[in-house]
Amino acid sequence: MRLADLQTSTRDGIVIARVIGEIDSSNAGDLRAAITDATPNGALGVVLDLSGASYVDSAGIHLIYRLGEALRNRGQTLRVVIPPDSPSSDALRLAGVTRHADVVEELEQGVQAVATAGAAGQ
Amino acid sequence: MSRDSESGPSRAPRLGLGQVALEPAEPILAPGEQVRDLYRLTDPALSELPLEELLDELLNRVRDALDVDTVAILLYDEETQELVARAAKGIEEEVEQGVRIPLGKGFAGRIAAERVAIFIAELDQAEVVNPILRDKGIHSMLGLPLVVESELIGVLHVGSLTPRKFGQQELAVLQLAAARAAPAIGRARLFSELEHEHYVAMLLQRSLLPRALPETVGIQVAARYLPARDEVGGDWYDVIELPRGLVGVAIGDVVGHGVRAAALMGQLRTALHSYALEGHGPARALELVDRFVQSMGAYAMATAAYAVFDPETSRLRIATAGHLPPIIVSGGNARVLDLTPGAPLGGFPYGSCPEQEFSLATGEILVLYTDGLVERRGIALSDGINQLAAILSAARSAEHACQLALDQMVPLEGLADDLAILALCGNSVPEELRLELPADPEVLSPTRRLLRRWLRDHGVDEPALSEIALAANEACANAIEHAYPPSAASFLLTAKAVEVEETPEVVIAVRDSGRWRPPRGESRGRGLTIMHEAMDEVEINPAKDGTEVVMRRRLGQQ
């Protein structure tokens with residue numbers, strides 16, 4: 001059984017990447033590469049939806065930082081959807097990164113933020 | 001290219017079997033020899049030979065009796081409408097080269113198409129389809145169709161390199177041989193077709209059963225499939241590893257037998273497996289398989305049971321679609337689960353399956369089975385189920401349950417119907433955890449699950465449960481990252497529950513054999529932060545031969 005599934009879709013030039021399952025150091029690298037591959041150069045950015053993630057550890061946090069860095073270098077924006085009290089919020093809370101600028105509480109908020117940042121950048 | 005102009009017209013007179021209209025030919029055998037040769041063809045010992053040897057022997061005897069240069073049997077292939085050389089004496093190449101002659105073409109093709117005996121005194125070379133006969137210079141031929149129960153099986157013919165007149169007597173000898181060969185070939189064919197179908201169905205059935213059952217932490221699964229004595233059925237079982245450590249177990253039975261049932265079984269098993277992986281619970285997954293069966297249009301019916309077990313919480317969800325009730329073995333007792341069965345798959349439009357949820361305590365065994373295990377002629381089905389339950393009450397493990405059922409329920413003479421049985425049992429987790437684990441990130445998720453189960457068994461609840469599991473996971477990930485060859489690529493995880501000054505606490509220790517390296521980069525730094533935040537105390541003890549991280553979390557106050 002693979003630990004997680006990745007579902008990607010595109011809306012108005014924004015890639016929505018939804019992770020269903022668990023993220024740890026056994027699959028975080030592969031997930032990050034898959035999300036990067038699914039993001040064309042012309043995309044405004046990525047909304048990484050972790051509302052369906054049942055487990056995230058420090059490798060998952062690392063993924064968020066590395067993905068954000070890579071996208072910024074390409075002039076793209078990242079937002080990460082982590083609902084409060086979701087299993088994925090544990091690690092972020094304990095690692096003290098809940099107030100990370102890229103984190104939003106729900107999907108539409110993330111899509112809005114990427115769209116706004118994209119419009120400002122053009 | 002006529003070689004003997006005296007031998008009459010090249011177009012052969014046609015002979016209906018038994019109505020030979022030829023001028024009487026000279027007897028080619030002395031009366032005594034003839035009787036002996038006829039006897040040799042009707043020899044009862046021949047019927048005991050396997051087909052290959054029978055044909056071989058028969059052709060030898062025909063060749064001797066008629067003193068001909070070639071004898072051959074061609075079999076009719078219904079699919080291609082061709083005659084295929086099967087056995088020959090004299091001109092064996094015919095067989096070796098697999099000569100095929102279309103129905104209606106040439107000498108043998110006409111015998112087969114018109115179902116008459118044909119004598120050709122002198123072959124018109126243009127009319128011979130078989131190049132081997134042409135090359136060898138066969139001159140005269142006599143052949144007749146092989147027919148069993150008015151079905152064409154093939155053609156038997158003899159040939160001579162010199163001009164010959166084949167008459168009544170030769171035809172009678174050939175008819176004797178044909179009467180001996182045709183039913184034997186027919187039987188052998190029928191048998192091999194059945195064999196073939198059985199073989200295909202068997203292969204299909206086997207390829208569709210899981211090769212090995214997945215090994216899952218905290219759970220034991222055993223299963224068996226037994227084919228029927230002489231038929232392949234549509235029973236199946238499946239074990240599905242689901243997200244978050246859940247395990248799905250399924251069993252099912254397609255109505256009917258043979259290749260069709262086995263193929264349908266494969267489709268249903270795959271459908272259920274897919275819906276299960278999609279995350280659907282037992283009732284919904286079975287309902288979706290029902291819709292799938294309905295959409296196939298063809299009449300198809302099956303029963304199935306599907307259960308999802310959570311090894312961490314020991315909760316079991318189960319639903320059946322017209323299937324026999326599961327049996328639960330618990331502490332030396334076995335009871336038939338009182339579960340409302342849903343509609344059989346493909347049975348009713350919009351059939352629904354009620355679902356039940358209950359705890360399957362450690363040591364309790366869930367047993368799913370198909371009717372092949374409990375259905376016996378002259379015994380009521382409910383009696384068969386009760387008998388199985390009585391036998392299973394002695395089961396001590398999932399494997400033992402399967403063994404007992406098969407040992408005591410399967411009749412010695414074999415099964416009239418195929419059967420499947422699957423048993424699932426929650427394993428106990430030791431009081432103190434001590435796991436030697438390979439330094440591979442793949443071990444992280446099963447280790448988390450086992451630890452969560454252990455924490456639950458020790459009365460730890462959320463949110464402490466998730467936080468402790470997360471901290472332990474970070475310590476393990478750290479040990480894995482620091483395990484370099486040539487140092488041993490493994491680490492040790494221990495977990496124990498203690499009481500310090502009347503306060504219960506959990507102590508988790510992770511010991512690796514690598515050198516301690518200060519956390520590098522944001523990632524490991526964050527891991528360390530998580531450990532400190534999640535636990536009350538974190539000690540890092542570097543030693544010469546490795547590093548030990550000991551973490552404590554007090555319970556019941558946070």
# chains A, B, ... in the order shown; residues from 1 in each chain; ligands from 1
call {"tool": "residues_around", "arguments": {"residues": "Val81 of chain A", "least_positions_apart": "5", "cutoff": "9 Å", "atoms": "only C-alpha atoms", "output": "MDAnalysis selection string"}}
result
chainID A and resid 47:51 102:107 109:110
call {"tool": "closest_atom_pairs", "arguments": {"of": "chain B", "to": "chain A", "cutoff": "7 Å", "atoms": "only C-alpha atoms", "output": "Markdown table"}}
result
| residue | atom | partner | partner_atom | distance |
| --- | --- | --- | --- | --- |
| B:Glu241 | CA | A:Met1 | CA | 5.7 |
| B:Leu242 | CA | A:Met1 | CA | 6.7 |
| B:Pro243 | CA | A:Gly21 | CA | 6.6 |
| B:Pro441 | CA | A:Ser26 | CA | 4.7 |
| B:Glu442 | CA | A:Ser26 | CA | 5.7 |
| B:Leu470 | CA | A:Asp57 | CA | 6.8 |
| B:Ser523 | CA | A:His62 | CA | 5.4 |
| B:Arg526 | CA | A:Ala95 | CA | 5.6 |
| B:Gly527 | CA | A:Ser58 | CA | 5.4 |
| B:Thr529 | CA | A:Ala95 | CA | 5.5 |
| B:Ile530 | CA | A:Ala95 | CA | 4.9 |
| B:Glu533 | CA | A:Leu94 | CA | 5.6 |
| B:Ala534 | CA | A:Leu94 | CA | 6.7 |
call {"tool": "select_by_dssp", "arguments": {"residues": "segment 391-486 of chain B", "states": "helix (DSSP H, G or I)", "output": "ChimeraX atom specification"}}
result
/B:391-392,398-409,441-457,464-481
call {"tool": "write_last_selection", "arguments": {"atoms": "N, CA and C atoms", "output": "short mmCIF file (atom, residue, chain, number, x, y, z; two decimals), in the first residue's frame"}}
result
data_model
loop_
_atom_site.label_atom_id
_atom_site.label_comp_id
_atom_site.auth_asym_id
_atom_site.auth_seq_id
_atom_site.Cartn_x
_atom_site.Cartn_y
_atom_site.Cartn_z
N ILE B 391 -16.79 -26.60 15.18
CA ILE B 391 -15.39 -26.98 14.88
C ILE B 391 -14.45 -25.80 15.13
N LEU B 392 -14.91 -24.60 14.71
CA LEU B 392 -14.05 -23.42 14.82
C LEU B 392 -13.85 -22.96 16.27
N ALA B 398 -5.84 -17.39 13.38
CA ALA B 398 -6.46 -17.35 12.06
C ALA B 398 -6.06 -18.58 11.25
N GLU B 399 -4.77 -18.89 11.28
CA GLU B 399 -4.24 -20.04 10.56
C GLU B 399 -4.87 -21.34 11.06
N HIS B 400 -4.97 -21.45 12.38
CA HIS B 400 -5.55 -22.64 13.00
C HIS B 400 -7.02 -22.79 12.60
N ALA B 401 -7.73 -21.68 12.49
CA ALA B 401 -9.15 -21.73 12.10
C ALA B 401 -9.29 -22.33 10.70
N CYS B 402 -8.44 -21.89 9.76
CA CYS B 402 -8.50 -22.42 8.39
C CYS B 402 -8.17 -23.91 8.39
N GLN B 403 -7.15 -24.27 9.17
CA GLN B 403 -6.73 -25.67 9.24
C GLN B 403 -7.86 -26.56 9.76
N LEU B 404 -8.45 -26.16 10.88
CA LEU B 404 -9.52 -26.94 11.49
C LEU B 404 -10.68 -27.12 10.52
N ALA B 405 -11.07 -26.02 9.87
CA ALA B 405 -12.22 -26.07 8.97
C ALA B 405 -11.97 -27.04 7.82
N LEU B 406 -10.78 -26.95 7.24
CA LEU B 406 -10.48 -27.81 6.10
C LEU B 406 -10.32 -29.26 6.52
N ASP B 407 -9.63 -29.48 7.65
CA ASP B 407 -9.42 -30.85 8.13
C ASP B 407 -10.74 -31.56 8.41
N GLN B 408 -11.69 -30.83 9.00
CA GLN B 408 -12.87 -31.51 9.50
C GLN B 408 -14.13 -31.31 8.67
N MET B 409 -14.10 -30.35 7.74
CA MET B 409 -15.31 -30.12 6.95
C MET B 409 -15.20 -30.64 5.51
N PRO B 441 13.50 4.28 5.59
CA PRO B 441 12.31 5.11 5.85
C PRO B 441 11.00 4.34 5.70
N GLU B 442 11.04 3.23 4.95
CA GLU B 442 9.83 2.44 4.75
C GLU B 442 9.27 1.88 6.06
N VAL B 443 10.12 1.73 7.07
CA VAL B 443 9.63 1.14 8.33
C VAL B 443 8.87 2.16 9.16
N LEU B 444 8.96 3.44 8.80
CA LEU B 444 8.35 4.47 9.64
C LEU B 444 6.84 4.28 9.80
N SER B 445 6.12 4.09 8.70
CA SER B 445 4.66 4.04 8.85
C SER B 445 4.19 2.80 9.61
N PRO B 446 4.66 1.57 9.31
CA PRO B 446 4.20 0.45 10.14
C PRO B 446 4.59 0.60 11.61
N THR B 447 5.74 1.23 11.86
CA THR B 447 6.17 1.42 13.24
C THR B 447 5.24 2.39 13.97
N ARG B 448 4.85 3.47 13.28
CA ARG B 448 3.88 4.42 13.86
C ARG B 448 2.61 3.70 14.25
N ARG B 449 2.12 2.83 13.33
CA ARG B 449 0.85 2.15 13.58
C ARG B 449 0.95 1.23 14.80
N LEU B 450 2.05 0.50 14.85
CA LEU B 450 2.22 -0.42 15.97
C LEU B 450 2.30 0.36 17.28
N LEU B 451 3.02 1.47 17.24
CA LEU B 451 3.18 2.28 18.45
C LEU B 451 1.83 2.88 18.87
N ARG B 452 1.05 3.32 17.90
CA ARG B 452 -0.27 3.88 18.21
C ARG B 452 -1.15 2.83 18.88
N ARG B 453 -1.08 1.61 18.33
CA ARG B 453 -1.86 0.52 18.93
C ARG B 453 -1.38 0.26 20.37
N TRP B 454 -0.07 0.24 20.55
CA TRP B 454 0.50 0.00 21.87
C TRP B 454 0.07 1.10 22.85
N LEU B 455 0.11 2.34 22.39
CA LEU B 455 -0.30 3.47 23.23
C LEU B 455 -1.77 3.34 23.62
N ARG B 456 -2.60 2.96 22.65
CA ARG B 456 -4.03 2.78 22.90
C ARG B 456 -4.25 1.69 23.96
N ASP B 457 -3.52 0.58 23.78
CA ASP B 457 -3.63 -0.52 24.75
C ASP B 457 -3.24 -0.06 26.16
N ALA B 464 -2.58 13.27 23.15
CA ALA B 464 -1.27 12.76 23.54
C ALA B 464 -0.80 11.63 22.61
N LEU B 465 -1.76 10.78 22.21
CA LEU B 465 -1.42 9.63 21.39
C LEU B 465 -0.71 10.05 20.10
N SER B 466 -1.31 11.00 19.38
CA SER B 466 -0.72 11.44 18.11
C SER B 466 0.61 12.16 18.32
N GLU B 467 0.68 12.91 19.43
CA GLU B 467 1.91 13.68 19.68
C GLU B 467 3.08 12.75 20.03
N ILE B 468 2.81 11.75 20.87
CA ILE B 468 3.87 10.80 21.22
C ILE B 468 4.33 10.02 19.98
N ALA B 469 3.33 9.58 19.18
CA ALA B 469 3.67 8.83 17.96
C ALA B 469 4.52 9.69 17.02
N LEU B 470 4.18 10.97 16.94
CA LEU B 470 4.92 11.89 16.06
C LEU B 470 6.36 12.06 16.56
N ALA B 471 6.51 12.25 17.89
CA ALA B 471 7.84 12.42 18.46
C ALA B 471 8.70 11.17 18.24
N ALA B 472 8.10 9.99 18.45
CA ALA B 472 8.83 8.73 18.25
C ALA B 472 9.25 8.59 16.80
N ASN B 473 8.33 8.98 15.90
CA ASN B 473 8.61 8.93 14.47
C ASN B 473 9.81 9.82 14.10
N GLU B 474 9.86 11.00 14.72
CA GLU B 474 10.97 11.93 14.44
C GLU B 474 12.30 11.33 14.91
N ALA B 475 12.27 10.69 16.10
CA ALA B 475 13.49 10.08 16.61
C ALA B 475 13.94 8.94 15.71
N CYS B 476 12.98 8.15 15.22
CA CYS B 476 13.31 7.03 14.32
C CYS B 476 13.87 7.58 13.00
N ALA B 477 13.24 8.63 12.45
CA ALA B 477 13.69 9.21 11.18
C ALA B 477 15.13 9.72 11.33
N ASN B 478 15.42 10.29 12.49
CA ASN B 478 16.76 10.78 12.78
C ASN B 478 17.78 9.63 12.77
N ALA B 479 17.41 8.52 13.43
CA ALA B 479 18.29 7.35 13.49
C ALA B 479 18.53 6.79 12.09
N ILE B 480 17.47 6.79 11.27
CA ILE B 480 17.59 6.25 9.90
C ILE B 480 18.52 7.13 9.07
N GLU B 481 18.37 8.45 9.25
CA GLU B 481 19.18 9.38 8.48
C GLU B 481 20.67 9.28 8.84
#
call {"tool": "closest_residue", "arguments": {"among": "B:Asp124, B:Glu114, B:Glu82, B:Glu505", "to": "Pro145 of chain B", "atoms": "only C-alpha atoms"}}
result
B:Glu114
call {"tool": "atom_distance", "arguments": {"atom1": "atom CA of Pro83 of chain A", "atom2": "atom CA of Met531 of chain B"}}
result
22.2 Å
call {"tool": "residues_around", "arguments": {"residues": "segment 32-40 of chain A", "least_positions_apart": "4", "cutoff": "10 Å", "atoms": "only C-alpha atoms", "output": "number ranges by chain"}}
result
A: 6-10, 13-19, 27-28, 44-46, 48, 60, 62-64, 66-67, 70-71, 76
call {"tool": "select_by_dssp", "arguments": {"residues": "segment 3-120 of chain A", "states": "strand (DSSP E or B)", "output": "number ranges by chain"}}
result
A: 4-11, 14-23, 45-49, 53-56, 77-81, 103-104
call {"tool": "write_last_selection", "arguments": {"atoms": "N, CA and C atoms", "output": "mmCIF file, in the first residue's frame"}}
result
data_model
loop_
_atom_site.group_PDB
_atom_site.id
_atom_site.type_symbol
_atom_site.label_atom_id
_atom_site.label_comp_id
_atom_site.auth_asym_id
_atom_site.auth_seq_id
_atom_site.Cartn_x
_atom_site.Cartn_y
_atom_site.Cartn_z
ATOM 1 N N ALA A 4 0.628 7.536 0.262
ATOM 2 C CA ALA A 4 -0.225 8.670 -0.085
ATOM 3 C C ALA A 4 -0.536 8.674 -1.572
ATOM 4 N N ASP A 5 -1.628 9.341 -1.925
ATOM 5 C CA ASP A 5 -1.967 9.543 -3.324
ATOM 6 C C ASP A 5 -1.910 11.045 -3.600
ATOM 7 N N LEU A 6 -1.503 11.398 -4.805
ATOM 8 C CA LEU A 6 -1.453 12.804 -5.201
ATOM 9 C C LEU A 6 -2.454 13.031 -6.325
ATOM 10 N N GLN A 7 -3.373 13.986 -6.122
ATOM 11 C CA GLN A 7 -4.342 14.318 -7.169
ATOM 12 C C GLN A 7 -4.098 15.759 -7.587
ATOM 13 N N THR A 8 -3.781 15.957 -8.869
ATOM 14 C CA THR A 8 -3.548 17.332 -9.302
ATOM 15 C C THR A 8 -4.597 17.759 -10.320
ATOM 16 N N SER A 9 -4.960 19.037 -10.246
ATOM 17 C CA SER A 9 -5.873 19.617 -11.232
ATOM 18 C C SER A 9 -5.459 21.072 -11.430
ATOM 19 N N THR A 10 -5.996 21.689 -12.464
ATOM 20 C CA THR A 10 -5.626 23.076 -12.728
ATOM 21 C C THR A 10 -6.885 23.931 -12.816
ATOM 22 N N ARG A 11 -6.830 25.080 -12.167
ATOM 23 C CA ARG A 11 -7.975 25.994 -12.254
ATOM 24 C C ARG A 11 -7.430 27.400 -12.489
ATOM 25 N N ILE A 14 -3.874 27.924 -11.967
ATOM 26 C CA ILE A 14 -3.352 27.562 -10.649
ATOM 27 C C ILE A 14 -3.408 26.038 -10.494
ATOM 28 N N VAL A 15 -2.265 25.465 -10.115
ATOM 29 C CA VAL A 15 -2.228 24.014 -9.920
ATOM 30 C C VAL A 15 -2.703 23.702 -8.497
ATOM 31 N N ILE A 16 -3.709 22.833 -8.413
ATOM 32 C CA ILE A 16 -4.176 22.396 -7.091
ATOM 33 C C ILE A 16 -3.684 20.964 -6.888
ATOM 34 N N ALA A 17 -2.802 20.793 -5.897
ATOM 35 C CA ALA A 17 -2.232 19.474 -5.627
ATOM 36 C C ALA A 17 -2.766 18.986 -4.291
ATOM 37 N N ARG A 18 -3.536 17.882 -4.362
ATOM 38 C CA ARG A 18 -4.176 17.378 -3.150
ATOM 39 C C ARG A 18 -3.484 16.079 -2.736
ATOM 40 N N VAL A 19 -2.987 16.040 -1.496
ATOM 41 C CA VAL A 19 -2.341 14.827 -0.994
ATOM 42 C C VAL A 19 -3.317 14.103 -0.069
ATOM 43 N N ILE A 20 -3.612 12.845 -0.415
ATOM 44 C CA ILE A 20 -4.485 12.019 0.415
ATOM 45 C C ILE A 20 -3.596 10.942 1.021
ATOM 46 N N GLY A 21 -3.518 10.902 2.341
ATOM 47 C CA GLY A 21 -2.688 9.880 2.967
ATOM 48 C C GLY A 21 -1.649 10.488 3.882
ATOM 49 N N GLU A 22 -0.504 9.823 3.990
ATOM 50 C CA GLU A 22 0.501 10.216 4.967
ATOM 51 C C GLU A 22 1.780 10.715 4.294
ATOM 52 N N ILE A 23 2.416 11.683 4.902
ATOM 53 C CA ILE A 23 3.687 12.185 4.391
ATOM 54 C C ILE A 23 4.750 11.991 5.465
ATOM 55 N N GLY A 45 0.822 29.532 -9.817
ATOM 56 C CA GLY A 45 1.359 28.970 -8.587
ATOM 57 C C GLY A 45 0.669 27.682 -8.227
ATOM 58 N N VAL A 46 0.893 27.251 -6.979
ATOM 59 C CA VAL A 46 0.379 25.958 -6.530
ATOM 60 C C VAL A 46 -0.377 26.131 -5.213
ATOM 61 N N VAL A 47 -1.536 25.481 -5.134
ATOM 62 C CA VAL A 47 -2.192 25.338 -3.838
ATOM 63 C C VAL A 47 -2.005 23.877 -3.423
ATOM 64 N N LEU A 48 -1.208 23.665 -2.367
ATOM 65 C CA LEU A 48 -0.983 22.309 -1.859
ATOM 66 C C LEU A 48 -2.020 22.044 -0.780
ATOM 67 N N ASP A 49 -2.966 21.156 -1.102
ATOM 68 C CA ASP A 49 -4.089 20.908 -0.194
ATOM 69 C C ASP A 49 -3.786 19.704 0.697
ATOM 70 N N ALA A 53 -4.676 14.946 4.256
ATOM 71 C CA ALA A 53 -3.494 14.237 4.739
ATOM 72 C C ALA A 53 -3.734 13.779 6.173
ATOM 73 N N SER A 54 -3.526 12.494 6.418
ATOM 74 C CA SER A 54 -3.828 11.974 7.757
ATOM 75 C C SER A 54 -2.601 12.004 8.670
ATOM 76 N N TYR A 55 -1.434 12.275 8.098
ATOM 77 C CA TYR A 55 -0.225 12.343 8.911
ATOM 78 C C TYR A 55 0.825 13.161 8.163
ATOM 79 N N VAL A 56 1.438 14.098 8.873
ATOM 80 C CA VAL A 56 2.533 14.884 8.296
ATOM 81 C C VAL A 56 3.594 15.036 9.386
ATOM 82 N N THR A 77 3.819 31.290 -6.849
ATOM 83 C CA THR A 77 3.401 31.383 -5.444
ATOM 84 C C THR A 77 2.920 30.037 -4.919
ATOM 85 N N LEU A 78 3.198 29.752 -3.642
ATOM 86 C CA LEU A 78 2.677 28.534 -3.000
ATOM 87 C C LEU A 78 1.763 28.899 -1.836
ATOM 88 N N ARG A 79 0.637 28.225 -1.734
ATOM 89 C CA ARG A 79 -0.172 28.288 -0.527
ATOM 90 C C ARG A 79 -0.453 26.855 -0.101
ATOM 91 N N VAL A 80 -0.434 26.605 1.210
ATOM 92 C CA VAL A 80 -0.666 25.255 1.726
ATOM 93 C C VAL A 80 -1.931 25.257 2.569
ATOM 94 N N VAL A 81 -2.877 24.382 2.221
ATOM 95 C CA VAL A 81 -4.138 24.311 2.961
ATOM 96 C C VAL A 81 -3.998 23.316 4.107
ATOM 97 N N VAL A 103 0.708 29.272 4.782
ATOM 98 C CA VAL A 103 -0.355 28.377 5.235
ATOM 99 C C VAL A 103 -1.709 29.085 5.309
ATOM 100 N N VAL A 104 -2.724 28.455 4.713
ATOM 101 C CA VAL A 104 -4.094 28.961 4.820
ATOM 102 C C VAL A 104 -4.968 27.837 5.369
#
call {"tool": "residues_around", "arguments": {"residues": "Ala108 of chain B", "least_positions_apart": "3", "cutoff": "8 Å", "atoms": "only C-alpha atoms", "output": "list in words"}}
result
Leu83, Ile101, Gly104, Lys105, Ile111, Ala112, Gly143, Val155 and His157 of chain B
